[in-house]
Amino acid sequence: MKRAVLLKKVFLYFGYKELFLNMKKNILVVGCGHWGKNLVRNFAELGSLYAVCDPNVQLANNFSQKYDVLNLSFEEALIDKNIEGVVLAIPAPLHASFAIASMEAGKHTYVEKPLAMNKDEAEQMIISSTKSNVHLMVGHLLQYHPVFVKLKELVSSGVLGKLQYAYSNRLSFGKVRSEEDVLWSFAPHDISMILALTKQNIISVKMESKSIIKDQIADSSIIHLDFDSGFKAHIHTSWIHPYKEQKLVVIGEKGSIVFDDTNVWEQKLGFYPHTIDRSTHSSNINQLELTYIDVKESEPLRNECLHFIHVVNNNSAPLTNGDEGLKVLNVLSAASASELSNEIFNMNDL
């Protein structure tokens, strides 16, 4: 009873009244490992999980029994008419083939980031989505973080004035991947956020990286982004940093906003207003008192899962769709090309 009341509050808070009134168990999660287990849990708690799938049959069986859902092979899932939405939490090199198969079977498909490994794969996925008349969603999680949603609102309202610069640090000491380097693993979140904030075109990308643990797999990277408006940004990623840092700083004419996701909830979003005194020969910047912005707390991953359920049940376009995923992928590809050539990469060359 308590769980039902909690679910109702969650659905109504996010404006998904129709989900509470008409919940369907129609979601398949493919991949129950490191990140997939979190998706399985969320879709199960939201009452939408129908089945799980994983090449490790015992792992899938464990989740099947825990949440009282089916354990299906991917081939079985494709022909199951009860499945209307497929969530792919699988290695990035498999994203394109699995997503295209899912969409050709008439199922709305959510793919964890990065959308694909290259532009050609991503474009084929988008074409498949259009031809099959289903939606393609990419898991850019921070677009569904209430703090980032609030940050977007503040920027759009003109609190910062004209945007000048942004930088982000996504740093940790943790799991080293073998399928993708730190750029492709960490940076999609920050690229997605910066593109959403600026709504501008990137004209050039420069990347520097260092491979320490494994040859050809970057453990630390910095990418520099130049936009057509003159706005600039840089993104620092590392999984060999001695401490965790997840921070986005956006600087405008009237101040700066800091989204620090490692802070306690009440201090995740800080506004530093400033004024510029040009009355003297040397201009001075006067920083005013820091203000923390109030944001109602909720779990970003749950919000993202709710959004996909809404997409599936209402055939509505996702916020982070295939086109948005392709824009992020193009920046990742440009950064990798820049590193190989040791030169600035012109986005017109994609």
# chains A, B, ... in the order shown; residues from 1 in each chain; ligands from 1
call {"tool": "residues_around", "arguments": {"residues": "range 23-39 of chain A", "least_positions_apart": "3", "cutoff": "10 Å", "atoms": "only C-alpha atoms", "output": "PyMOL selection string"}}
result
chain A and resi 17-20+42-56+59-60+62-63+69-74+77-78+80-91+98+107-112+301-302+304-305+308-309+312-313
call {"tool": "residues_around", "arguments": {"residues": "Ile293 in chain A", "least_positions_apart": "2", "cutoff": "9 Å", "atoms": "only C-alpha atoms", "output": "PyMOL selection string"}}
result
chain A and resi 147+150+266-271+291+295
call {"tool": "select_by_dssp", "arguments": {"residues": "range 90-146 of chain A", "states": "strand (DSSP E or B)", "output": "list in words"}}
result
His108, Thr109, Tyr110, Val111, Glu112, Leu136, Met137, Val138 and Gly139 of chain A
call {"tool": "write_last_selection", "arguments": {"atoms": "all heavy atoms", "output": "PDB file, in the first residue's frame"}}
result
ATOM      1  N   HIS A 108       9.899   0.929 -29.397  1.00  0.00           N
ATOM      2  CA  HIS A 108      10.609   2.142 -29.010  1.00  0.00           C
ATOM      3  C   HIS A 108      11.871   1.716 -28.265  1.00  0.00           C
ATOM      4  O   HIS A 108      11.844   0.761 -27.467  1.00  0.00           O
ATOM      5  CB  HIS A 108       9.743   3.019 -28.104  1.00  0.00           C
ATOM      6  CG  HIS A 108       8.437   3.423 -28.729  1.00  0.00           C
ATOM      7  ND1 HIS A 108       8.360   4.341 -29.762  1.00  0.00           N
ATOM      8  CD2 HIS A 108       7.166   3.024 -28.481  1.00  0.00           C
ATOM      9  CE1 HIS A 108       7.091   4.509 -30.097  1.00  0.00           C
ATOM     10  NE2 HIS A 108       6.350   3.702 -29.343  1.00  0.00           N
ATOM     11  N   THR A 109      12.980   2.436 -28.499  1.00  0.00           N
ATOM     12  CA  THR A 109      14.265   1.950 -28.000  1.00  0.00           C
ATOM     13  C   THR A 109      15.071   3.043 -27.307  1.00  0.00           C
ATOM     14  O   THR A 109      15.243   4.135 -27.827  1.00  0.00           O
ATOM     15  CB  THR A 109      15.090   1.352 -29.162  1.00  0.00           C
ATOM     16  OG1 THR A 109      14.321   0.301 -29.784  1.00  0.00           O
ATOM     17  CG2 THR A 109      16.397   0.780 -28.653  1.00  0.00           C
ATOM     18  N   TYR A 110      15.531   2.705 -26.121  1.00  0.00           N
ATOM     19  CA  TYR A 110      16.366   3.581 -25.278  1.00  0.00           C
ATOM     20  C   TYR A 110      17.757   2.978 -25.275  1.00  0.00           C
ATOM     21  O   TYR A 110      17.944   1.820 -24.917  1.00  0.00           O
ATOM     22  CB  TYR A 110      15.728   3.591 -23.896  1.00  0.00           C
ATOM     23  CG  TYR A 110      16.472   4.109 -22.693  1.00  0.00           C
ATOM     24  CD1 TYR A 110      15.832   4.990 -21.819  1.00  0.00           C
ATOM     25  CD2 TYR A 110      17.739   3.677 -22.333  1.00  0.00           C
ATOM     26  CE1 TYR A 110      16.448   5.447 -20.657  1.00  0.00           C
ATOM     27  CE2 TYR A 110      18.369   4.128 -21.192  1.00  0.00           C
ATOM     28  CZ  TYR A 110      17.720   5.003 -20.346  1.00  0.00           C
ATOM     29  OH  TYR A 110      18.328   5.439 -19.206  1.00  0.00           O
ATOM     30  N   VAL A 111      18.750   3.758 -25.670  1.00  0.00           N
ATOM     31  CA  VAL A 111      20.131   3.295 -25.745  1.00  0.00           C
ATOM     32  C   VAL A 111      20.976   4.098 -24.766  1.00  0.00           C
ATOM     33  O   VAL A 111      20.944   5.333 -24.782  1.00  0.00           O
ATOM     34  CB  VAL A 111      20.699   3.475 -27.168  1.00  0.00           C
ATOM     35  CG1 VAL A 111      22.110   2.919 -27.258  1.00  0.00           C
ATOM     36  CG2 VAL A 111      19.796   2.815 -28.198  1.00  0.00           C
ATOM     37  N   GLU A 112      21.736   3.406 -23.938  1.00  0.00           N
ATOM     38  CA  GLU A 112      22.650   4.124 -23.054  1.00  0.00           C
ATOM     39  C   GLU A 112      23.711   4.846 -23.885  1.00  0.00           C
ATOM     40  O   GLU A 112      23.977   4.488 -25.031  1.00  0.00           O
ATOM     41  CB  GLU A 112      23.304   3.158 -22.056  1.00  0.00           C
ATOM     42  CG  GLU A 112      22.539   3.026 -20.756  1.00  0.00           C
ATOM     43  CD  GLU A 112      22.283   4.359 -20.059  1.00  0.00           C
ATOM     44  OE1 GLU A 112      23.074   5.302 -20.227  1.00  0.00           O
ATOM     45  OE2 GLU A 112      21.284   4.462 -19.346  1.00  0.00           O
ATOM     46  N   LEU A 136      13.578   6.744 -30.841  1.00  0.00           N
ATOM     47  CA  LEU A 136      14.919   6.393 -30.387  1.00  0.00           C
ATOM     48  C   LEU A 136      15.333   7.415 -29.324  1.00  0.00           C
ATOM     49  O   LEU A 136      15.298   8.622 -29.559  1.00  0.00           O
ATOM     50  CB  LEU A 136      15.899   6.435 -31.564  1.00  0.00           C
ATOM     51  CG  LEU A 136      17.384   6.272 -31.246  1.00  0.00           C
ATOM     52  CD1 LEU A 136      17.666   4.908 -30.628  1.00  0.00           C
ATOM     53  CD2 LEU A 136      18.217   6.455 -32.531  1.00  0.00           C
ATOM     54  N   MET A 137      15.715   6.920 -28.153  1.00  0.00           N
ATOM     55  CA  MET A 137      16.119   7.786 -27.039  1.00  0.00           C
ATOM     56  C   MET A 137      17.516   7.392 -26.582  1.00  0.00           C
ATOM     57  O   MET A 137      17.846   6.204 -26.533  1.00  0.00           O
ATOM     58  CB  MET A 137      15.120   7.651 -25.884  1.00  0.00           C
ATOM     59  CG  MET A 137      15.493   8.411 -24.622  1.00  0.00           C
ATOM     60  SD  MET A 137      14.120   8.335 -23.410  1.00  0.00           S
ATOM     61  CE  MET A 137      14.993   8.732 -21.895  1.00  0.00           C
ATOM     62  N   VAL A 138      18.348   8.387 -26.280  1.00  0.00           N
ATOM     63  CA  VAL A 138      19.697   8.110 -25.789  1.00  0.00           C
ATOM     64  C   VAL A 138      19.788   8.529 -24.327  1.00  0.00           C
ATOM     65  O   VAL A 138      19.201   9.526 -23.906  1.00  0.00           O
ATOM     66  CB  VAL A 138      20.768   8.824 -26.658  1.00  0.00           C
ATOM     67  CG1 VAL A 138      20.570  10.322 -26.666  1.00  0.00           C
ATOM     68  CG2 VAL A 138      22.170   8.469 -26.202  1.00  0.00           C
ATOM     69  N   GLY A 139      20.528   7.746 -23.536  1.00  0.00           N
ATOM     70  CA  GLY A 139      20.582   7.942 -22.097  1.00  0.00           C
ATOM     71  C   GLY A 139      21.562   9.009 -21.647  1.00  0.00           C
ATOM     72  O   GLY A 139      22.563   8.691 -20.993  1.00  0.00           O
TER      73      GLY A 139
END
call {"tool": "closest_residue", "arguments": {"among": "A:Leu142, A:Met125, A:Ala334, A:Leu154", "to": "Ser256 in chain A", "atoms": "only C-alpha atoms"}}
result
A:Leu154
call {"tool": "select_by_dssp", "arguments": {"residues": "range 50-178 of chain A", "states": "helix (DSSP H, G or I)", "output": "PyMOL selection string"}}
result
chain A and resi 57-67+74-78+92-104+119-132+141-144+146-156
call {"tool": "atom_distance", "arguments": {"atom1": "CA of Ser97 in chain A", "atom2": "CA of Asp190 in chain A"}}
result
25.7 Å
call {"tool": "residues_around", "arguments": {"residues": "Ile240 in chain A", "least_positions_apart": "5", "cutoff": "7 Å", "atoms": "only C-alpha atoms", "output": "NGL selection string"}}
result
:A and (172-174 or 219)
call {"tool": "atom_distance", "arguments": {"atom1": "CA of Leu326 in chain A", "atom2": "CA of Asn314 in chain A"}}
result
23.7 Å
call {"tool": "atom_distance", "arguments": {"atom1": "CA of Leu350 in chain A", "atom2": "CA of Ser333 in chain A"}}
result
8.5 Å
